[in-house]
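Trainee: Just so it is clear, I am handing over start-v6.pdb, which has PDB, C-alpha atoms.
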```pdb
ATOM      1  CA  MET A   1     -13.500  -4.924  -4.251
ATOM      2  CA  GLN A   2     -10.660  -6.194  -6.401
ATOM      3  CA  ILE A   3     -11.911  -7.972  -9.512
ATOM      4  CA  GLU A   4      -8.541  -8.546 -11.169
ATOM      5  CA  ASP A   5      -5.286  -9.661  -9.546
ATOM      6  CA  THR A   6      -2.883  -6.910 -10.567
ATOM      7  CA  LYS A   7      -0.050  -8.433  -8.496
ATOM      8  CA  GLU A   8       0.092  -5.246  -6.411
ATOM      9  CA  ILE A   9      -2.699  -5.879  -3.929
ATOM     10  CA  PRO A  10      -0.459  -6.451  -0.881
ATOM     11  CA  LYS A  11       1.278  -3.123  -1.524
ATOM     12  CA  ARG A  12      -2.099  -1.477  -2.025
ATOM     13  CA  THR A  13      -3.066  -2.589   1.489
ATOM     14  CA  ARG A  14       0.071  -0.883   2.766
ATOM     15  CA  TYR A  15      -0.831   2.288   0.858
ATOM     16  CA  TYR A  16      -4.410   2.228   2.156
ATOM     17  CA  GLN A  17      -3.130   1.781   5.692
ATOM     18  CA  ALA A  18      -0.857   4.806   5.278
ATOM     19  CA  MET A  19      -3.698   6.896   3.851
ATOM     20  CA  CYS A  20      -6.092   5.927   6.660
ATOM     21  CA  ASP A  21      -3.491   6.502   9.377
ATOM     22  CA  SER A  22      -2.456   9.880   8.004
ATOM     23  CA  GLU A  23      -6.087  11.001   7.945
ATOM     24  CA  ALA A  24      -6.794   9.598  11.412
ATOM     25  CA  LEU A  25      -4.371  11.871  13.270
ATOM     26  CA  ASN A  26      -3.886  15.603  13.207
ATOM     27  CA  LYS A  27      -0.349  16.991  13.279
ATOM     28  CA  GLY A  28       1.125  16.635  16.740
ATOM     29  CA  GLU A  29      -1.593  14.271  17.939
ATOM     30  CA  VAL A  30      -0.468  11.245  19.955
ATOM     31  CA  TYR A  31      -0.313   7.840  18.280
ATOM     32  CA  TYR A  32      -2.372   6.397  21.093
ATOM     33  CA  ASN A  33      -5.404   7.923  19.352
ATOM     34  CA  LEU A  34      -5.056   5.565  16.371
ATOM     35  CA  LYS A  35      -8.020   3.183  16.364
ATOM     36  CA  GLU A  36      -8.271  -0.370  15.092
ATOM     37  CA  LEU A  37      -7.986  -0.410  11.321
ATOM     38  CA  TYR A  38      -9.391  -3.130   9.086
ATOM     39  CA  ILE A  39      -8.506  -3.106   5.430
ATOM     40  CA  VAL A  40     -10.849  -5.442   3.591
ATOM     41  CA  PHE A  41     -10.447  -6.738   0.064
ATOM     42  CA  LEU A  42     -13.153  -8.702  -1.707
ATOM     43  CA  CYS A  43     -11.609 -10.743  -4.497
ATOM     44  CA  PRO A  44     -13.260 -13.236  -6.852
ATOM     45  CA  GLU A  45     -10.159 -15.469  -7.061
ATOM     46  CA  ASP A  46      -7.651 -16.726  -4.514
ATOM     47  CA  ILE A  47      -4.730 -14.341  -5.039
ATOM     48  CA  PHE A  48      -2.599 -16.241  -2.509
ATOM     49  CA  GLY A  49      -3.181 -19.654  -4.092
ATOM     50  CA  GLN A  50      -3.618 -21.523  -0.812
ATOM     51  CA  GLY A  51      -7.240 -22.572  -1.344
ATOM     52  CA  LYS A  52      -8.653 -20.563   1.535
ATOM     53  CA  ALA A  53     -11.833 -18.497   1.458
ATOM     54  CA  VAL A  54     -10.561 -15.945   3.983
ATOM     55  CA  TYR A  55      -7.043 -14.664   4.676
ATOM     56  CA  ARG A  56      -6.445 -12.557   7.786
ATOM     57  CA  PHE A  57      -3.165 -10.708   8.290
ATOM     58  CA  LYS A  58      -1.638  -8.807  11.177
ATOM     59  CA  ASN A  59       1.932  -7.833  11.960
ATOM     60  CA  LEU A  60       3.886 -10.565  13.730
ATOM     61  CA  GLU A  61       7.556 -10.938  14.675
ATOM     62  CA  VAL A  62       9.309 -12.903  11.934
ATOM     63  CA  ASP A  63      11.388 -15.250  14.100
ATOM     64  CA  CYS A  64       8.748 -15.700  16.778
ATOM     65  CA  PRO A  65       5.234 -15.314  15.287
ATOM     66  CA  LYS A  66       3.713 -15.604  18.767
ATOM     67  CA  ILE A  67       4.874 -12.027  19.329
ATOM     68  CA  GLU A  68       2.314  -9.652  17.872
ATOM     69  CA  LEU A  69       3.278  -6.065  17.052
ATOM     70  CA  GLY A  70      -0.058  -4.831  18.368
ATOM     71  CA  ASP A  71      -0.420  -1.957  15.902
ATOM     72  CA  LEU A  72      -4.167  -2.713  15.595
ATOM     73  CA  CYS A  73      -3.986  -2.937  11.809
ATOM     74  CA  PHE A  74      -5.619  -5.946  10.193
ATOM     75  CA  LYS A  75      -5.798  -6.798   6.514
ATOM     76  CA  ASN A  76      -8.471  -9.281   5.495
ATOM     77  CA  PHE A  77      -8.992 -10.799   2.071
ATOM     78  CA  TYR A  78     -12.296 -12.500   1.296
ATOM     79  CA  ILE A  79     -12.404 -14.701  -1.780
ATOM     80  CA  PHE A  80     -16.052 -14.349  -2.725
ATOM     81  CA  ASN A  81     -16.092 -17.217  -5.245
ATOM     82  CA  LYS A  82     -15.318 -19.481  -2.258
ATOM     83  CA  TYR A  83     -18.307 -18.212  -0.265
ATOM     84  CA  ARG A  84     -19.480 -21.775   0.421
ATOM     85  CA  ASP A  85     -16.350 -22.338   2.551
ATOM     86  CA  VAL A  86     -17.002 -19.390   4.885
ATOM     87  CA  ALA A  87     -18.274 -20.397   8.316
ATOM     88  CA  GLU A  88     -19.801 -17.065   9.421
ATOM     89  CA  LYS A  89     -23.293 -16.897   7.933
ATOM     90  CA  SER A  90     -23.478 -13.100   7.614
ATOM     91  CA  ILE A  91     -20.142 -12.902   5.792
ATOM     92  CA  ARG A  92     -21.046 -15.892   3.619
ATOM     93  CA  GLU A  93     -24.289 -14.148   2.557
ATOM     94  CA  TYR A  94     -22.415 -11.020   1.494
ATOM     95  CA  LEU A  95     -19.775 -12.994  -0.383
ATOM     96  CA  GLU A  96     -22.439 -15.089  -2.086
ATOM     97  CA  TYR A  97     -24.125 -11.894  -3.238
ATOM     98  CA  PHE A  98     -20.862 -10.610  -4.719
ATOM     99  CA  ALA A  99     -20.228 -13.967  -6.412
ATOM    100  CA  THR A 100     -23.739 -14.499  -7.806
ATOM    101  CA  ARG A 101     -25.320 -11.028  -7.777
ATOM    102  CA  ARG A 102     -28.403 -12.676  -6.257
ATOM    103  CA  PRO A 103     -29.552 -11.276  -2.902
ATOM    104  CA  ASN A 104     -30.381 -13.898  -0.289
ATOM    105  CA  SER A 105     -30.960 -11.879   2.879
ATOM    106  CA  PRO A 106     -32.499  -8.530   3.853
ATOM    107  CA  GLU A 107     -28.999  -7.009   3.992
ATOM    108  CA  THR A 108     -27.988  -8.191   0.531
ATOM    109  CA  GLU A 109     -31.402  -7.208  -0.844
ATOM    110  CA  ASN A 110     -30.705  -3.693   0.422
ATOM    111  CA  ILE A 111     -27.268  -3.718  -1.213
ATOM    112  CA  ASP A 112     -28.792  -4.985  -4.457
ATOM    113  CA  ARG A 113     -31.419  -2.230  -4.376
ATOM    114  CA  LEU A 114     -28.729   0.420  -3.810
ATOM    115  CA  VAL A 115     -26.508  -0.997  -6.562
ATOM    116  CA  LYS A 116     -29.390  -0.866  -9.024
ATOM    117  CA  TRP A 117     -30.269   2.659  -7.943
ATOM    118  CA  TYR A 118     -26.667   3.858  -8.373
ATOM    119  CA  GLN A 119     -26.396   2.148 -11.734
ATOM    120  CA  ALA A 120     -29.635   3.757 -12.911
ATOM    121  CA  ASP A 121     -28.895   7.255 -11.571
ATOM    122  CA  ASN A 122     -26.698   9.017 -14.119
ATOM    123  CA  GLU A 123     -25.872  11.933 -11.822
ATOM    124  CA  THR A 124     -24.659   9.623  -9.047
ATOM    125  CA  ARG A 125     -22.673   7.541 -11.509
ATOM    126  CA  LYS A 126     -21.088  10.709 -12.918
ATOM    127  CA  ARG A 127     -20.183  11.900  -9.398
ATOM    128  CA  TYR A 128     -18.684   8.502  -8.609
ATOM    129  CA  MET A 129     -16.625   8.510 -11.802
ATOM    130  CA  THR A 130     -15.456  12.061 -11.063
ATOM    131  CA  TRP A 131     -14.575  11.028  -7.514
ATOM    132  CA  GLN A 132     -12.634   8.035  -8.805
ATOM    133  CA  GLN A 133     -10.880  10.304 -11.295
ATOM    134  CA  GLU A 134      -9.946  12.717  -8.478
ATOM    135  CA  ILE A 135      -8.498   9.813  -6.497
ATOM    136  CA  ASP A 136      -6.519   8.637  -9.519
ATOM    137  CA  ILE A 137      -5.207  12.173 -10.100
ATOM    138  CA  ALA A 138      -4.174  12.516  -6.441
ATOM    139  CA  VAL A 139      -2.405   9.156  -6.506
ATOM    140  CA  ASP A 140      -0.635  10.072  -9.734
ATOM    141  CA  ARG A 141       0.383  13.457  -8.281
ATOM    142  CA  GLU A 142       1.848  11.747  -5.194
ATOM    143  CA  ARG A 143       3.715   9.242  -7.360
ATOM    144  CA  ARG A 144       5.181  12.048  -9.463
ATOM    145  CA  ARG A 145       6.148  13.913  -6.289
ATOM    146  CA  ALA A 146       7.833  10.787  -4.902
ATOM    147  CA  ASP A 147       9.633  10.301  -8.228
ATOM    148  CA  GLU A 148      10.845  13.920  -8.139
ATOM    149  CA  ILE A 149      12.090  13.529  -4.577
ATOM    150  CA  GLN A 150      13.903  10.349  -5.616
ATOM    151  CA  LYS A 151      15.477  12.142  -8.588
ATOM    152  CA  GLN A 152      16.656  14.935  -6.287
ATOM    153  CA  ALA A 153      18.078  12.380  -3.847
ATOM    154  CA  ASP A 154      19.821  10.573  -6.704
ATOM    155  CA  ALA A 155      21.271  13.866  -7.968
ATOM    156  CA  GLU A 156      22.510  14.753  -4.456
ATOM    157  CA  LYS A 157      24.118  11.341  -4.135
ATOM    158  CA  ALA A 158      25.763  11.716  -7.548
ATOM    159  CA  ARG A 159      27.128  15.136  -6.517
ATOM    160  CA  ALA A 160      28.396  13.694  -3.225
ATOM    161  CA  ASP A 161      30.009  10.758  -5.048
ATOM    162  CA  GLU A 162      31.631  13.171  -7.497
ATOM    163  CA  ALA A 163      32.962  15.364  -4.666
ATOM    164  CA  GLU A 164      34.294  12.270  -2.895
ATOM    165  CA  ALA A 165      36.009  11.126  -6.107
ATOM    166  CA  ARG A 166      37.571  14.604  -6.531
ATOM    167  CA  ALA A 167      38.783  14.535  -2.916
ATOM    168  CA  GLU A 168      40.264  11.048  -3.379
ATOM    169  CA  ASN A 169      41.926  12.194  -6.606
ATOM    170  CA  ALA A 170      43.376  15.266  -4.875
ATOM    171  CA  GLU A 171      44.596  13.111  -1.987
ATOM    172  CA  SER A 172      46.207  10.695  -4.434
ATOM    173  CA  ARG A 173      47.938  13.583  -6.251
ATOM    174  CA  ALA A 174      49.136  14.956  -2.912
ATOM    175  CA  ASP A 175      50.474  11.532  -1.945
ATOM    176  CA  ARG A 176      52.318  11.255  -5.278
ATOM    177  CA  TYR A 177      53.711  14.792  -4.921
ATOM    178  CA  GLU A 178      54.824  14.061  -1.353
ATOM    179  CA  LYS A 179      56.484  10.822  -2.508
ATOM    180  CA  MET A 180      58.223  12.652  -5.353
ATOM    181  CA  LEU A 181      59.493  15.389  -3.023
ATOM    182  CA  SER A 182      60.655  12.745  -0.572
ATOM    183  CA  GLU A 183      62.546  10.910  -3.344
ATOM    184  CA  LEU A 184      64.191  14.194  -4.394
ATOM    185  CA  GLY A 185      65.221  14.823  -0.806
ATOM    186  CA  LYS A 186      63.115  17.959  -0.557
ATOM    187  CA  LEU A 187      61.118  16.649   2.434
TER     188      LEU A 187
END
```
Spit out the file's structure as structure tokens when you get a sec.
Mentor:
Amino acid sequence: MQIEDTKEIPKRTRYYQAMCDSEALNKGEVYYNLKELYIVFLCPEDIFGQGKAVYRFKNLEVDCPKIELGDLCFKNFYIFNKYRDVAEKSIREYLEYFATRRPNSPETENIDRLVKWYQADNETRKRYMTWQQEIDIAVDRERRRADEIQKQADAEKARADEAEARAENAESRADRYEKMLSELGKL
């Protein structure tokens, strides 16, 4: 569930896809074993601004959208404040619950009961907060690792650029020396 539009949600779907895919296969396992993957976001507001209640994405060829990549990854965004516009009754009931916090079916009554239980149970809430903190720490660690790799790559590129500049400078000096020797008749 995404309560606030942080302007990074599309990239978060990409990250979640990568996390799910990397956990779905063991090293050396064939890609054929990847299953269908649905990444679902429940948002109160329309982050795409097109007035729809549901947005469904899959990978299509840019110049010919009839050609589907077929990677079995789908990203769906449900705008729960627009629950009235959703045709599928079961989905509409869930979205209505998220929008109003009022259960209106046996399924949403069960969710409401569980939400209240989790909110009332301090130990469960503490475990959830610790779990969320562990996720945040892992994400931060990966970001720092990626930053360090980028710094190393930048440093390597700078060293390569410097070596190339030295080589060009040496070649230029050699060309000048050769020209000078040629002018003096020594070549």
Trainee: Which polymer residues have any atom within 9 Å of an atom of region 90-94 of chain A, counting only C-alpha atoms, with same-chain residues fewer than 3 positions away left out, as a PyMOL selection string?
Mentor: chain A and resi 80+82-87+97-99+103-105+107-108
Trainee: For the provided coordinates, the residues matched by the PyMOL selection byres ((chain A and resi 59) around 9) should be stated as a VMD selection string.
Mentor: chain A and resid 57 to 58 60 to 62 65 67 to 74
Trainee: What's the 9 Å shell around Asn81 (chain A), counting all atoms listed in the file, without same-chain residues fewer than 5 positions away, as a PyMOL selection string?
Mentor: chain A and resi 43-46+53+95-96+98-100
Trainee: Any chance you could work out the residue set of the PyMOL selection byres ((chain A and resi 76) around 8) here, as JSON, numbers by chain?
Mentor: {"A": [38, 39, 40, 41, 54, 55, 56, 57, 74, 75, 77, 78]}
Trainee: For the file shown, report as a CSV table (one decimal) with C-alpha atoms, keeping the file's coordinate frame the outcome of the PyMOL selection byres ((chain A and resi 20) around 12) at residue level.
Mentor:
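Ended up saving to part.csv:
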```csv
chain,number,residue,atom,x,y,z
A,13,THR,CA,-3.1,-2.6,1.5
A,14,ARG,CA,0.1,-0.9,2.8
A,15,TYR,CA,-0.8,2.3,0.9
A,16,TYR,CA,-4.4,2.2,2.2
A,17,GLN,CA,-3.1,1.8,5.7
A,18,ALA,CA,-0.9,4.8,5.3
A,19,MET,CA,-3.7,6.9,3.9
A,21,ASP,CA,-3.5,6.5,9.4
A,22,SER,CA,-2.5,9.9,8.0
A,23,GLU,CA,-6.1,11.0,7.9
A,24,ALA,CA,-6.8,9.6,11.4
A,25,LEU,CA,-4.4,11.9,13.3
A,26,ASN,CA,-3.9,15.6,13.2
A,34,LEU,CA,-5.1,5.6,16.4
A,35,LYS,CA,-8.0,3.2,16.4
A,36,GLU,CA,-8.3,-0.4,15.1
A,37,LEU,CA,-8.0,-0.4,11.3
A,38,TYR,CA,-9.4,-3.1,9.1
A,39,ILE,CA,-8.5,-3.1,5.4
A,73,CYS,CA,-4.0,-2.9,11.8
```
Trainee: For CA of Gln150 (chain A) and CA of Ile9 (chain A), determine how far apart the two atoms are, in Å to one decimal place.
Mentor: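 For CA of Gln150 (chain A) relative to CA of Ile9 (chain A), the distance reads 23.3 Å.
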Trainee: Please, what distance in Å, to one decimal, runs between CA of Lys116 (chain A) and CA of Arg101 (chain A)?
Mentor: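 Those two atoms sit 11.0 Å apart.
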Trainee: Separation of CA of Ile79 (chain A) and CA of Leu42 (chain A), in Å?
Mentor: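 A separation of 6.0 Å between them.
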